[in-house]
>>> print(open('final.cif').read())   # mmCIF, N, CA and C atoms
data_work
loop_
_atom_site.group_PDB
_atom_site.id
_atom_site.type_symbol
_atom_site.label_atom_id
_atom_site.label_comp_id
_atom_site.auth_asym_id
_atom_site.auth_seq_id
_atom_site.Cartn_x
_atom_site.Cartn_y
_atom_site.Cartn_z
ATOM 1 N N MET A 1 -121.990 32.454 -20.186
ATOM 2 C CA MET A 1 -122.324 33.108 -21.431
ATOM 3 C C MET A 1 -123.393 32.293 -22.154
ATOM 4 N N ARG A 2 -124.423 32.952 -22.636
ATOM 5 C CA ARG A 2 -125.502 32.293 -23.379
ATOM 6 C C ARG A 2 -125.157 32.269 -24.859
ATOM 7 N N THR A 3 -125.748 31.314 -25.562
ATOM 8 C CA THR A 3 -125.596 31.260 -27.010
ATOM 9 C C THR A 3 -126.970 31.059 -27.645
ATOM 10 N N THR A 4 -127.059 31.366 -28.909
ATOM 11 C CA THR A 4 -128.245 31.101 -29.704
ATOM 12 C C THR A 4 -127.773 30.744 -31.104
ATOM 13 N N THR A 5 -128.625 30.133 -31.870
ATOM 14 C CA THR A 5 -128.241 29.712 -33.216
ATOM 15 C C THR A 5 -128.610 30.786 -34.223
ATOM 16 N N MET A 6 -127.633 31.121 -35.075
ATOM 17 C CA MET A 6 -127.892 32.068 -36.143
ATOM 18 C C MET A 6 -127.783 31.345 -37.472
ATOM 19 N N VAL A 7 -128.563 31.794 -38.424
ATOM 20 C CA VAL A 7 -128.521 31.287 -39.795
ATOM 21 C C VAL A 7 -128.005 32.451 -40.639
ATOM 22 N N TYR A 8 -126.966 32.220 -41.435
ATOM 23 C CA TYR A 8 -126.385 33.324 -42.192
ATOM 24 C C TYR A 8 -125.820 32.840 -43.520
ATOM 25 N N TRP A 9 -125.675 33.787 -44.444
ATOM 26 C CA TRP A 9 -125.103 33.506 -45.750
ATOM 27 C C TRP A 9 -124.613 34.809 -46.355
ATOM 28 N N GLN A 10 -123.737 34.675 -47.332
ATOM 29 C CA GLN A 10 -123.224 35.842 -48.039
ATOM 30 C C GLN A 10 -123.903 35.930 -49.392
ATOM 31 N N GLU A 11 -124.359 37.119 -49.712
ATOM 32 C CA GLU A 11 -124.990 37.384 -50.997
ATOM 33 C C GLU A 11 -124.316 38.610 -51.595
ATOM 34 N N ASP A 12 -123.566 38.384 -52.655
ATOM 35 C CA ASP A 12 -122.732 39.427 -53.252
ATOM 36 C C ASP A 12 -121.765 39.942 -52.184
ATOM 37 N N GLU A 13 -121.798 41.223 -51.896
ATOM 38 C CA GLU A 13 -120.883 41.812 -50.905
ATOM 39 C C GLU A 13 -121.501 41.947 -49.523
ATOM 40 N N CYS A 14 -122.695 41.401 -49.340
ATOM 41 C CA CYS A 14 -123.441 41.595 -48.098
ATOM 42 C C CYS A 14 -123.628 40.267 -47.367
ATOM 43 N N TRP A 15 -123.582 40.298 -46.045
ATOM 44 C CA TRP A 15 -123.884 39.134 -45.215
ATOM 45 C C TRP A 15 -125.294 39.294 -44.662
ATOM 46 N N LEU A 16 -126.135 38.271 -44.835
ATOM 47 C CA LEU A 16 -127.514 38.282 -44.362
ATOM 48 C C LEU A 16 -127.691 37.203 -43.310
ATOM 49 N N GLY A 17 -128.602 37.418 -42.378
ATOM 50 C CA GLY A 17 -128.839 36.393 -41.381
ATOM 51 C C GLY A 17 -130.018 36.688 -40.487
ATOM 52 N N TYR A 18 -130.376 35.655 -39.716
ATOM 53 C CA TYR A 18 -131.449 35.772 -38.737
ATOM 54 C C TYR A 18 -131.173 34.805 -37.597
ATOM 55 N N LEU A 19 -131.880 34.981 -36.514
ATOM 56 C CA LEU A 19 -131.770 34.102 -35.355
ATOM 57 C C LEU A 19 -132.778 32.974 -35.521
ATOM 58 N N GLU A 20 -132.356 31.749 -35.310
ATOM 59 C CA GLU A 20 -133.237 30.603 -35.507
ATOM 60 C C GLU A 20 -134.525 30.729 -34.693
ATOM 61 N N GLU A 21 -134.433 31.314 -33.526
ATOM 62 C CA GLU A 21 -135.593 31.491 -32.648
ATOM 63 C C GLU A 21 -136.588 32.525 -33.196
ATOM 64 N N PHE A 22 -136.100 33.431 -34.030
ATOM 65 C CA PHE A 22 -136.923 34.511 -34.584
ATOM 66 C C PHE A 22 -136.719 34.592 -36.102
ATOM 67 N N PRO A 23 -137.183 33.609 -36.864
ATOM 68 C CA PRO A 23 -136.869 33.562 -38.294
ATOM 69 C C PRO A 23 -137.511 34.659 -39.143
ATOM 70 N N ASP A 24 -138.480 35.375 -38.609
ATOM 71 C CA ASP A 24 -139.124 36.444 -39.374
ATOM 72 C C ASP A 24 -138.331 37.748 -39.376
ATOM 73 N N TYR A 25 -137.267 37.820 -38.584
ATOM 74 C CA TYR A 25 -136.546 39.079 -38.401
ATOM 75 C C TYR A 25 -135.115 38.930 -38.915
ATOM 76 N N TRP A 26 -134.877 39.430 -40.110
ATOM 77 C CA TRP A 26 -133.563 39.348 -40.750
ATOM 78 C C TRP A 26 -132.808 40.650 -40.552
ATOM 79 N N THR A 27 -131.483 40.550 -40.654
ATOM 80 C CA THR A 27 -130.637 41.729 -40.646
ATOM 81 C C THR A 27 -129.464 41.464 -41.576
ATOM 82 N N GLN A 28 -128.621 42.463 -41.748
ATOM 83 C CA GLN A 28 -127.487 42.321 -42.655
ATOM 84 C C GLN A 28 -126.282 43.062 -42.111
ATOM 85 N N GLY A 29 -125.123 42.735 -42.665
ATOM 86 C CA GLY A 29 -123.889 43.396 -42.285
ATOM 87 C C GLY A 29 -122.914 43.418 -43.446
ATOM 88 N N ALA A 30 -121.964 44.322 -43.369
ATOM 89 C CA ALA A 30 -120.944 44.437 -44.410
ATOM 90 C C ALA A 30 -119.932 43.300 -44.315
ATOM 91 N N THR A 31 -119.728 42.793 -43.097
ATOM 92 C CA THR A 31 -118.836 41.662 -42.845
ATOM 93 C C THR A 31 -119.568 40.676 -41.946
ATOM 94 N N LEU A 32 -119.014 39.488 -41.801
ATOM 95 C CA LEU A 32 -119.627 38.514 -40.904
ATOM 96 C C LEU A 32 -119.624 39.040 -39.472
ATOM 97 N N GLU A 33 -118.555 39.692 -39.061
ATOM 98 C CA GLU A 33 -118.480 40.252 -37.708
ATOM 99 C C GLU A 33 -119.529 41.351 -37.515
ATOM 100 N N ASP A 34 -119.734 42.161 -38.543
ATOM 101 C CA ASP A 34 -120.753 43.210 -38.499
ATOM 102 C C ASP A 34 -122.143 42.590 -38.379
ATOM 103 N N LEU A 35 -122.394 41.542 -39.149
ATOM 104 C CA LEU A 35 -123.670 40.832 -39.070
ATOM 105 C C LEU A 35 -123.895 40.282 -37.667
ATOM 106 N N GLU A 36 -122.870 39.665 -37.083
ATOM 107 C CA GLU A 36 -123.001 39.118 -35.726
ATOM 108 C C GLU A 36 -123.387 40.205 -34.733
ATOM 109 N N GLU A 37 -122.794 41.375 -34.863
ATOM 110 C CA GLU A 37 -123.130 42.480 -33.956
ATOM 111 C C GLU A 37 -124.586 42.917 -34.149
ATOM 112 N N HIS A 38 -125.020 42.999 -35.395
ATOM 113 C CA HIS A 38 -126.422 43.354 -35.676
ATOM 114 C C HIS A 38 -127.371 42.298 -35.113
ATOM 115 N N LEU A 39 -126.983 41.034 -35.207
ATOM 116 C CA LEU A 39 -127.827 39.969 -34.659
ATOM 117 C C LEU A 39 -127.888 40.046 -33.135
ATOM 118 N N ARG A 40 -126.790 40.414 -32.485
ATOM 119 C CA ARG A 40 -126.820 40.600 -31.025
ATOM 120 C C ARG A 40 -127.788 41.731 -30.658
ATOM 121 N N ASP A 41 -127.701 42.832 -31.389
ATOM 122 C CA ASP A 41 -128.606 43.954 -31.136
ATOM 123 C C ASP A 41 -130.061 43.553 -31.387
ATOM 124 N N LEU A 42 -130.289 42.818 -32.467
ATOM 125 C CA LEU A 42 -131.632 42.349 -32.793
ATOM 126 C C LEU A 42 -132.176 41.453 -31.685
ATOM 127 N N HIS A 43 -131.345 40.555 -31.184
ATOM 128 C CA HIS A 43 -131.771 39.667 -30.093
ATOM 129 C C HIS A 43 -132.160 40.487 -28.861
ATOM 130 N N ALA A 44 -131.363 41.474 -28.536
ATOM 131 C CA ALA A 44 -131.675 42.331 -27.385
ATOM 132 C C ALA A 44 -133.022 43.026 -27.580
ATOM 133 N N ASP A 45 -133.264 43.537 -28.774
ATOM 134 C CA ASP A 45 -134.541 44.205 -29.053
ATOM 135 C C ASP A 45 -135.715 43.233 -28.969
ATOM 136 N N LEU A 46 -135.558 42.051 -29.570
ATOM 137 C CA LEU A 46 -136.666 41.104 -29.636
ATOM 138 C C LEU A 46 -136.995 40.468 -28.292
ATOM 139 N N THR A 47 -136.036 40.384 -27.409
ATOM 140 C CA THR A 47 -136.270 39.781 -26.100
ATOM 141 C C THR A 47 -136.528 40.812 -25.003
ATOM 142 N N SER A 48 -136.531 42.083 -25.350
ATOM 143 C CA SER A 48 -136.721 43.144 -24.351
ATOM 144 C C SER A 48 -138.162 43.255 -23.870
ATOM 145 N N ARG A 49 -139.094 42.646 -24.580
ATOM 146 C CA ARG A 49 -140.529 42.737 -24.302
ATOM 147 C C ARG A 49 -141.075 44.146 -24.520
ATOM 148 N N GLU A 50 -140.307 44.998 -25.186
ATOM 149 C CA GLU A 50 -140.763 46.349 -25.482
ATOM 150 C C GLU A 50 -141.401 46.447 -26.864
ATOM 151 N N LEU A 51 -141.144 45.454 -27.722
ATOM 152 C CA LEU A 51 -141.726 45.455 -29.063
ATOM 153 C C LEU A 51 -142.992 44.604 -29.067
ATOM 154 N N PRO A 52 -144.088 45.138 -29.557
ATOM 155 C CA PRO A 52 -145.329 44.351 -29.596
ATOM 156 C C PRO A 52 -145.330 43.381 -30.774
ATOM 157 N N GLY A 53 -146.005 42.252 -30.606
ATOM 158 C CA GLY A 53 -146.235 41.332 -31.699
ATOM 159 C C GLY A 53 -145.044 40.548 -32.198
ATOM 160 N N VAL A 54 -144.033 40.359 -31.369
ATOM 161 C CA VAL A 54 -142.857 39.597 -31.792
ATOM 162 C C VAL A 54 -143.236 38.133 -31.931
ATOM 163 N N ARG A 55 -142.934 37.531 -33.064
ATOM 164 C CA ARG A 55 -143.235 36.116 -33.309
ATOM 165 C C ARG A 55 -142.059 35.263 -32.875
ATOM 166 N N HIS A 56 -142.350 34.160 -32.197
ATOM 167 C CA HIS A 56 -141.334 33.237 -31.688
ATOM 168 C C HIS A 56 -141.469 31.873 -32.354
ATOM 169 N N VAL A 57 -140.398 31.109 -32.313
ATOM 170 C CA VAL A 57 -140.412 29.708 -32.700
ATOM 171 C C VAL A 57 -140.011 28.906 -31.473
ATOM 172 N N ALA A 58 -140.740 27.823 -31.173
ATOM 173 C CA ALA A 58 -140.440 27.000 -30.014
ATOM 174 C C ALA A 58 -140.825 25.563 -30.325
ATOM 175 N N ASP A 59 -140.276 24.640 -29.554
ATOM 176 C CA ASP A 59 -140.632 23.231 -29.679
ATOM 177 C C ASP A 59 -141.948 22.988 -28.955
ATOM 178 N N LEU A 60 -142.732 22.078 -29.488
ATOM 179 C CA LEU A 60 -144.003 21.696 -28.898
ATOM 180 C C LEU A 60 -143.974 20.203 -28.663
ATOM 181 N N THR A 61 -144.214 19.768 -27.441
ATOM 182 C CA THR A 61 -144.260 18.346 -27.115
ATOM 183 C C THR A 61 -145.646 17.804 -27.409
ATOM 184 N N LEU A 62 -145.690 16.744 -28.185
ATOM 185 C CA LEU A 62 -146.968 16.124 -28.545
ATOM 186 C C LEU A 62 -147.133 14.810 -27.799
ATOM 187 N N ALA A 63 -148.367 14.483 -27.451
ATOM 188 C CA ALA A 63 -148.650 13.245 -26.718
ATOM 189 C C ALA A 63 -148.554 12.046 -27.617
#
>>> encode(input="final.cif", output="structure tokens")
Amino acid sequence: MRTTTMVYWQEDECWLGYLEEFPDYWTQGATLEDLEEHLRDLHADLTSRELPGVRHVADLTLA
């Protein structure tokens, strides 16, 4: 099973979050479990290579 890091917080009655690898793409859920499901769907969409112009975050090794 693969894992990825999510960043999330609760704001009023809503849970907001994004995937650390794709910080420009936020989603929300009514519960934390709902948010997690939305983030799984978002990850599938962003890694499918079907969406143009997806921005990524990655480590860069410097000399």
>>> residues_around(input="final.cif", residues="Glu21 of chain A", least_positions_apart="2", cutoff="8 Å", atoms="all atoms listed in the file", output="list in words")
Thr4, Thr5, Met6, Val7, Tyr18, Leu19, Pro23, Asp24, Tyr25, Arg55, His56, Val57 and Ala58 of chain A
>>> select_by_dssp(input="final.cif", residues="chain A", states="helix (DSSP H, G or I)", output="ChimeraX atom specification")
/A:32-47
>>> atom_distance(input="final.cif", atom1="atom CA of Gly29 of chain A", atom2="atom C of Glu13 of chain A")
7.8 Å
>>> residues_around(input="final.cif", residues="Tyr8 of chain A", least_positions_apart="5", cutoff="7 Å", atoms="all atoms listed in the file", output="number ranges by chain")
A: 15-18
>>> write_last_selection(input="final.cif", atoms="N, CA and C atoms", output="PDB file, keeping the file's coordinate frame")
ATOM      1  N   TRP A  15    -123.582  40.298 -46.045  1.00  0.00           N
ATOM      2  CA  TRP A  15    -123.884  39.134 -45.215  1.00  0.00           C
ATOM      3  C   TRP A  15    -125.294  39.294 -44.662  1.00  0.00           C
ATOM      4  N   LEU A  16    -126.135  38.271 -44.835  1.00  0.00           N
ATOM      5  CA  LEU A  16    -127.514  38.282 -44.362  1.00  0.00           C
ATOM      6  C   LEU A  16    -127.691  37.203 -43.310  1.00  0.00           C
ATOM      7  N   GLY A  17    -128.602  37.418 -42.378  1.00  0.00           N
ATOM      8  CA  GLY A  17    -128.839  36.393 -41.381  1.00  0.00           C
ATOM      9  C   GLY A  17    -130.018  36.688 -40.487  1.00  0.00           C
ATOM     10  N   TYR A  18    -130.376  35.655 -39.716  1.00  0.00           N
ATOM     11  CA  TYR A  18    -131.449  35.772 -38.737  1.00  0.00           C
ATOM     12  C   TYR A  18    -131.173  34.805 -37.597  1.00  0.00           C
TER      13      TYR A  18
END
>>> axis_aligned_box(input="final.cif", around="segment 25-43 of chain A", padding_each_side="4 Å", output="lines of an AutoDock Vina configuration file")
center_x = -127.9
center_y = 41.1
center_z = -36.6
size_x = 26.8
size_y = 14.6
size_z = 23.5
>>> atom_distance(input="final.cif", atom1="atom N of His43 of chain A", atom2="atom N of Leu62 of chain A")
28.0 Å
>>> atom_distance(input="final.cif", atom1="atom C of Glu36 of chain A", atom2="atom N of Gln10 of chain A")
13.8 Å
>>> closest_residue(input="final.cif", among="A:Leu35, A:Met1, A:Leu42, A:Ala30", to="Val54 of chain A", atoms="only C-alpha atoms")
A:Leu42
>>> select_by_dssp(input="final.cif", residues="chain A", states="strand (DSSP E)", output="MDAnalysis selection string")
chainID A and resid 6:11 14:19 22:29
>>> write_last_selection(input="final.cif", atoms="N, CA and C atoms", output="compact mmCIF listing (two decimals), in the coordinates of the input")
# COMPACT_ATOMS: atom_id res chain seq x y z
N MET A 6 -127.63 31.12 -35.08
CA MET A 6 -127.89 32.07 -36.14
C MET A 6 -127.78 31.34 -37.47
N VAL A 7 -128.56 31.79 -38.42
CA VAL A 7 -128.52 31.29 -39.80
C VAL A 7 -128.00 32.45 -40.64
N TYR A 8 -126.97 32.22 -41.44
CA TYR A 8 -126.38 33.32 -42.19
C TYR A 8 -125.82 32.84 -43.52
N TRP A 9 -125.68 33.79 -44.44
CA TRP A 9 -125.10 33.51 -45.75
C TRP A 9 -124.61 34.81 -46.36
N GLN A 10 -123.74 34.67 -47.33
CA GLN A 10 -123.22 35.84 -48.04
C GLN A 10 -123.90 35.93 -49.39
N GLU A 11 -124.36 37.12 -49.71
CA GLU A 11 -124.99 37.38 -51.00
C GLU A 11 -124.32 38.61 -51.60
N CYS A 14 -122.70 41.40 -49.34
CA CYS A 14 -123.44 41.60 -48.10
C CYS A 14 -123.63 40.27 -47.37
N TRP A 15 -123.58 40.30 -46.04
CA TRP A 15 -123.88 39.13 -45.22
C TRP A 15 -125.29 39.29 -44.66
N LEU A 16 -126.14 38.27 -44.84
CA LEU A 16 -127.51 38.28 -44.36
C LEU A 16 -127.69 37.20 -43.31
N GLY A 17 -128.60 37.42 -42.38
CA GLY A 17 -128.84 36.39 -41.38
C GLY A 17 -130.02 36.69 -40.49
N TYR A 18 -130.38 35.66 -39.72
CA TYR A 18 -131.45 35.77 -38.74
C TYR A 18 -131.17 34.80 -37.60
N LEU A 19 -131.88 34.98 -36.51
CA LEU A 19 -131.77 34.10 -35.35
C LEU A 19 -132.78 32.97 -35.52
N PHE A 22 -136.10 33.43 -34.03
CA PHE A 22 -136.92 34.51 -34.58
C PHE A 22 -136.72 34.59 -36.10
N PRO A 23 -137.18 33.61 -36.86
CA PRO A 23 -136.87 33.56 -38.29
C PRO A 23 -137.51 34.66 -39.14
N ASP A 24 -138.48 35.38 -38.61
CA ASP A 24 -139.12 36.44 -39.37
C ASP A 24 -138.33 37.75 -39.38
N TYR A 25 -137.27 37.82 -38.58
CA TYR A 25 -136.55 39.08 -38.40
C TYR A 25 -135.12 38.93 -38.92
N TRP A 26 -134.88 39.43 -40.11
CA TRP A 26 -133.56 39.35 -40.75
C TRP A 26 -132.81 40.65 -40.55
N THR A 27 -131.48 40.55 -40.65
CA THR A 27 -130.64 41.73 -40.65
C THR A 27 -129.46 41.46 -41.58
N GLN A 28 -128.62 42.46 -41.75
CA GLN A 28 -127.49 42.32 -42.66
C GLN A 28 -126.28 43.06 -42.11
N GLY A 29 -125.12 42.74 -42.66
CA GLY A 29 -123.89 43.40 -42.28
C GLY A 29 -122.91 43.42 -43.45
>>> decode(input="final.cif", residues="segment 16-42 of chain A", atoms="N, CA, C and O atoms", output="short mmCIF file (atom, residue, chain, number, x, y, z; two decimals), in the first residue's frame")
data_model
loop_
_atom_site.label_atom_id
_atom_site.label_comp_id
_atom_site.auth_asym_id
_atom_site.auth_seq_id
_atom_site.Cartn_x
_atom_site.Cartn_y
_atom_site.Cartn_z
N LEU A 16 -10.68 21.09 5.48
CA LEU A 16 -9.97 21.49 4.27
C LEU A 16 -8.63 20.78 4.22
O LEU A 16 -8.04 20.47 5.27
N GLY A 17 -8.13 20.53 3.02
CA GLY A 17 -6.83 19.90 2.92
C GLY A 17 -6.31 19.83 1.51
O GLY A 17 -7.01 20.11 0.55
N TYR A 18 -5.02 19.45 1.44
CA TYR A 18 -4.36 19.26 0.15
C TYR A 18 -3.27 18.21 0.33
O TYR A 18 -2.90 17.86 1.45
N LEU A 19 -2.77 17.72 -0.78
CA LEU A 19 -1.68 16.75 -0.78
C LEU A 19 -0.37 17.52 -0.83
O LEU A 19 -0.22 18.45 -1.63
N GLU A 20 0.58 17.17 0.01
CA GLU A 20 1.84 17.89 0.08
C GLU A 20 2.53 17.95 -1.29
O GLU A 20 3.15 18.95 -1.63
N GLU A 21 2.38 16.92 -2.07
CA GLU A 21 3.00 16.85 -3.40
C GLU A 21 2.34 17.82 -4.40
O GLU A 21 2.94 18.22 -5.38
N PHE A 22 1.09 18.18 -4.13
CA PHE A 22 0.32 19.05 -5.03
C PHE A 22 -0.34 20.17 -4.22
O PHE A 22 -1.57 20.21 -4.08
N PRO A 23 0.43 21.11 -3.68
CA PRO A 23 -0.14 22.10 -2.76
C PRO A 23 -1.09 23.11 -3.40
O PRO A 23 -1.82 23.79 -2.69
N ASP A 24 -1.13 23.19 -4.72
CA ASP A 24 -2.04 24.13 -5.38
C ASP A 24 -3.47 23.61 -5.49
O ASP A 24 -4.36 24.36 -5.90
N TYR A 25 -3.70 22.35 -5.14
CA TYR A 25 -5.00 21.73 -5.37
C TYR A 25 -5.62 21.34 -4.03
O TYR A 25 -5.28 20.33 -3.45
N TRP A 26 -6.54 22.16 -3.57
CA TRP A 26 -7.22 21.93 -2.29
C TRP A 26 -8.57 21.28 -2.52
O TRP A 26 -9.17 21.40 -3.59
N THR A 27 -9.05 20.61 -1.48
CA THR A 27 -10.40 20.06 -1.49
C THR A 27 -10.96 20.16 -0.08
O THR A 27 -10.27 20.59 0.84
N GLN A 28 -12.21 19.77 0.07
CA GLN A 28 -12.85 19.87 1.38
C GLN A 28 -13.79 18.70 1.60
O GLN A 28 -14.16 18.00 0.66
N GLY A 29 -14.16 18.51 2.86
CA GLY A 29 -15.10 17.46 3.21
C GLY A 29 -15.90 17.85 4.44
O GLY A 29 -15.49 18.71 5.22
N ALA A 30 -17.03 17.20 4.61
CA ALA A 30 -17.89 17.47 5.76
C ALA A 30 -17.30 16.87 7.03
O ALA A 30 -17.52 17.38 8.13
N THR A 31 -16.54 15.78 6.88
CA THR A 31 -15.86 15.12 7.99
C THR A 31 -14.42 14.85 7.56
O THR A 31 -14.09 14.95 6.37
N LEU A 32 -13.59 14.48 8.51
CA LEU A 32 -12.21 14.14 8.17
C LEU A 32 -12.18 12.94 7.23
O LEU A 32 -11.41 12.92 6.27
N GLU A 33 -13.03 11.96 7.46
CA GLU A 33 -13.08 10.78 6.59
C GLU A 33 -13.53 11.16 5.17
O GLU A 33 -13.02 10.64 4.19
N ASP A 34 -14.48 12.08 5.08
CA ASP A 34 -14.94 12.58 3.79
C ASP A 34 -13.81 13.30 3.06
O ASP A 34 -13.60 13.11 1.86
N LEU A 35 -13.08 14.13 3.79
CA LEU A 35 -11.93 14.83 3.21
C LEU A 35 -10.90 13.84 2.69
O LEU A 35 -10.39 14.00 1.58
N GLU A 36 -10.60 12.80 3.47
CA GLU A 36 -9.62 11.79 3.03
C GLU A 36 -10.06 11.15 1.72
O GLU A 36 -9.24 10.92 0.83
N GLU A 37 -11.34 10.86 1.60
CA GLU A 37 -11.84 10.25 0.35
C GLU A 37 -11.69 11.22 -0.82
O GLU A 37 -11.28 10.83 -1.91
N HIS A 38 -12.00 12.48 -0.60
CA HIS A 38 -11.82 13.50 -1.65
C HIS A 38 -10.35 13.63 -2.04
O HIS A 38 -10.04 13.80 -3.23
N LEU A 39 -9.47 13.55 -1.06
CA LEU A 39 -8.03 13.64 -1.36
C LEU A 39 -7.57 12.42 -2.15
O LEU A 39 -6.72 12.55 -3.03
N ARG A 40 -8.11 11.24 -1.86
CA ARG A 40 -7.76 10.05 -2.66
C ARG A 40 -8.21 10.25 -4.11
O ARG A 40 -7.47 9.93 -5.05
N ASP A 41 -9.43 10.74 -4.29
CA ASP A 41 -9.93 11.00 -5.64
C ASP A 41 -9.08 12.05 -6.35
O ASP A 41 -8.77 11.92 -7.53
N LEU A 42 -8.73 13.10 -5.62
CA LEU A 42 -7.89 14.16 -6.19
C LEU A 42 -6.54 13.61 -6.62
O LEU A 42 -6.06 13.92 -7.71
#
